[in-house]
Amino acid sequence: MVSSIHSSLAISLLILSTTSFLPLSAYGAGGFSVDLIHRDSPRSPLSDSSSTPSSRLKSAIERSFSRANYFGNAIQRNIPSVFASSPSASDNLYSGISSNSSEYLMSFYVGSPAKEVLAIADTGSDLIWIQCKPCEECYPQTIPLFDPQASSTYKVVSCKADSCSALPRESCGQKSECEYNYAYGDGSFVDGFLSTETLSFDSTSGRRVQIPSMLFGCTHLSNGTFSDGSGLVGLGGGQLSLIRQLGSSIESKFSYCLPSMSQSSATSRLNFGSSGFVSGSGSISTPLIPGNPDTLYFLHLDQISVGAQGSVLVNPSMKAAINAHQGNIIIDSGTPLTFIDNETLQSVANKVASSVNFPKVADPNGVFSLCLDVSGSGGDAKLPDITFHFSGGAPVVLHEHNTFVEVAENTLCLALLSSDHLGVNIFGNIAQQNFHIGYDLSAMKLTVAPADCANM
């Protein structure tokens, strides 16, 4: 089924020809890049000029716990993170995001003629979906709903088609349409028909990349507070994600480079194909490990070291690890903070505290296990590097901006949280900032290289 989807896409890429757009094949191994917009960027509809670093951090903490809870539920139940059935079903399968938990947005175009959409970019989801006319009940969005009847390239997928069975559960509409419903942990949902359409992306090279016959969800019923945008672009590992659909046309490769929290207005890049190749000084690679649900990207974390204080072996009983060959942590661009089991966290916190002379203080938010009063540092607190050692001899050296957050003036806290009672460990996006991170889904390999992401 997956191969047939990829074959039809490759044929379409060969026959596509326009004067104003370039087919994906013209980029050579699908090499192109698009902008990622951080939720706090002035370019984002979520940007709040009255927000403060403290209020933004509190929001990031809430989003982190929300997202970790959803992922933990999916892993514990050994189920996909989305489903296709009634929204009132008692066995709803939850998406990896809540309706207001996004970190990054991206712009793309749908249909012929092309209509612009601003959507959540999410490595914890698969299906691409947008809101469409007619809509019985839809959450508000600033741009008009997409009208499939006004597009010459729109087609509804039959519930008898192979591609419909790529959904975890199929449901037939009144006219044999392939129907889906994605439920979210906060009770929100989106319901619509699996369809095909031409999608286009503005490449950072200045040309628009056009991709025909992409599977996506046309949502005709929704309930929630998706103020982040008008849809979602799934970048996960499942069959319906943008990455899996593009497949060999981008050599199953993509990457991103996220600037630090203090540079939220800087442009991030999402790269595909040859543009997603990661190399250079300090680059390391570690296996991407198959897991359930296949949407998520699993890694294996062996140990964590703190400066010259030595290493902490990761607790082998971490809930996400079922056996020695399975991943025990996921990497996710949409979760701000990093989660590890409490035993490992406390050992790391103790080693950090032993390596500095700053007094411990309580976290005013009551969340972080180690906070330090750095008022005596003269604004130049020296804190130890913390290295995450992933399987295959892959050390990722995290600096202060990756591992500490300022919760109040002169108060820095270790930006690691306990995963106990959550059922999932997560390598979050603060830890990933200023690294070029490449996913190779053909070789099942993750490559990480230090980078100045604001100036790539």
# chains A, B, ... in the order shown; residues from 1 in each chain; ligands from 1

call {"tool": "residues_around", "arguments": {"residues": "Leu441 in chain A", "least_positions_apart": "5", "cutoff": "8 Å", "atoms": "only C-alpha atoms", "output": "list in words"}}
result
Gly237, Ser252, Lys253 and Leu288 of chain A

call {"tool": "write_last_selection", "arguments": {"atoms": "N, CA and C atoms", "output": "mmCIF file, in the first residue's frame"}}
result
data_model
loop_
_atom_site.group_PDB
_atom_site.id
_atom_site.type_symbol
_atom_site.label_atom_id
_atom_site.label_comp_id
_atom_site.auth_asym_id
_atom_site.auth_seq_id
_atom_site.Cartn_x
_atom_site.Cartn_y
_atom_site.Cartn_z
ATOM 1 N N GLY A 237 6.243 9.569 11.872
ATOM 2 C CA GLY A 237 6.757 8.422 11.124
ATOM 3 C C GLY A 237 5.696 7.539 10.527
ATOM 4 N N SER A 252 13.524 10.169 1.857
ATOM 5 C CA SER A 252 13.020 9.940 3.229
ATOM 6 C C SER A 252 13.815 10.705 4.275
ATOM 7 N N LYS A 253 14.292 11.884 3.880
ATOM 8 C CA LYS A 253 15.096 12.705 4.786
ATOM 9 C C LYS A 253 14.427 14.055 5.045
ATOM 10 N N LEU A 288 17.331 5.498 14.911
ATOM 11 C CA LEU A 288 15.908 5.681 15.161
ATOM 12 C C LEU A 288 15.331 4.284 15.335
#

call {"tool": "closest_residue", "arguments": {"among": "A:Phe277, A:Gly231, A:Ile304, A:Cys218", "to": "Pro140 in chain A", "atoms": "only C-alpha atoms"}}
result
A:Gly231

call {"tool": "closest_residue", "arguments": {"among": "A:Ser107, A:Ser241, A:Ser281, A:Gln141", "to": "Asp35 in chain A", "atoms": "only C-alpha atoms"}}
result
A:Ser107

call {"tool": "closest_residue", "arguments": {"among": "A:Ala408, A:Ala431, A:Ile37, A:Val209", "to": "Val396 in chain A", "atoms": "only C-alpha atoms"}}
result
A:Ala431

call {"tool": "select_by_dssp", "arguments": {"residues": "range 217-275 of chain A", "states": "alpha helix (DSSP H)", "output": "list in words"}}
result
Leu242, Ile243, Arg244, Gln245 and Leu246 of chain A

call {"tool": "closest_residue", "arguments": {"among": "A:Ser200, A:Tyr109, A:Asn410, A:Thr447", "to": "Gly378 in chain A", "atoms": "only C-alpha atoms"}}
result
A:Asn410

call {"tool": "residues_around", "arguments": {"residues": "Asp341 in chain A", "least_positions_apart": "2", "cutoff": "6 Å", "atoms": "only C-alpha atoms", "output": "ChimeraX atom specification"}}
result
/A:343-344,418-420

call {"tool": "write_last_selection", "arguments": {"atoms": "N, CA, C and O atoms", "output": "PDB file, in the first residue's frame"}}
result
ATOM      1  N   GLU A 343      14.476   8.997  39.138  1.00  0.00           N
ATOM      2  CA  GLU A 343      15.732   8.532  39.745  1.00  0.00           C
ATOM      3  C   GLU A 343      16.928   9.108  38.990  1.00  0.00           C
ATOM      4  O   GLU A 343      17.880   9.614  39.600  1.00  0.00           O
ATOM      5  N   THR A 344      16.878   9.049  37.673  1.00  0.00           N
ATOM      6  CA  THR A 344      17.958   9.624  36.868  1.00  0.00           C
ATOM      7  C   THR A 344      18.005  11.130  37.032  1.00  0.00           C
ATOM      8  O   THR A 344      19.086  11.721  37.172  1.00  0.00           O
ATOM      9  N   SER A 418      10.515  15.307  35.742  1.00  0.00           N
ATOM     10  CA  SER A 418      10.321  13.882  35.991  1.00  0.00           C
ATOM     11  C   SER A 418       9.235  13.313  35.091  1.00  0.00           C
ATOM     12  O   SER A 418       8.154  13.895  34.949  1.00  0.00           O
ATOM     13  N   SER A 419       9.534  12.153  34.519  1.00  0.00           N
ATOM     14  CA  SER A 419       8.551  11.470  33.665  1.00  0.00           C
ATOM     15  C   SER A 419       7.758  10.426  34.425  1.00  0.00           C
ATOM     16  O   SER A 419       6.882   9.768  33.851  1.00  0.00           O
ATOM     17  N   ASP A 420       8.063  10.252  35.720  1.00  0.00           N
ATOM     18  CA  ASP A 420       7.321   9.274  36.512  1.00  0.00           C
ATOM     19  C   ASP A 420       5.835   9.615  36.458  1.00  0.00           C
ATOM     20  O   ASP A 420       5.449  10.785  36.536  1.00  0.00           O
TER      21      ASP A 420
END

call {"tool": "residues_around", "arguments": {"residues": "Ile128 in chain A", "least_positions_apart": "6", "cutoff": "9 Å", "atoms": "only C-alpha atoms", "output": "ChimeraX atom specification"}}
result
/A:215-218,231-235,240-242
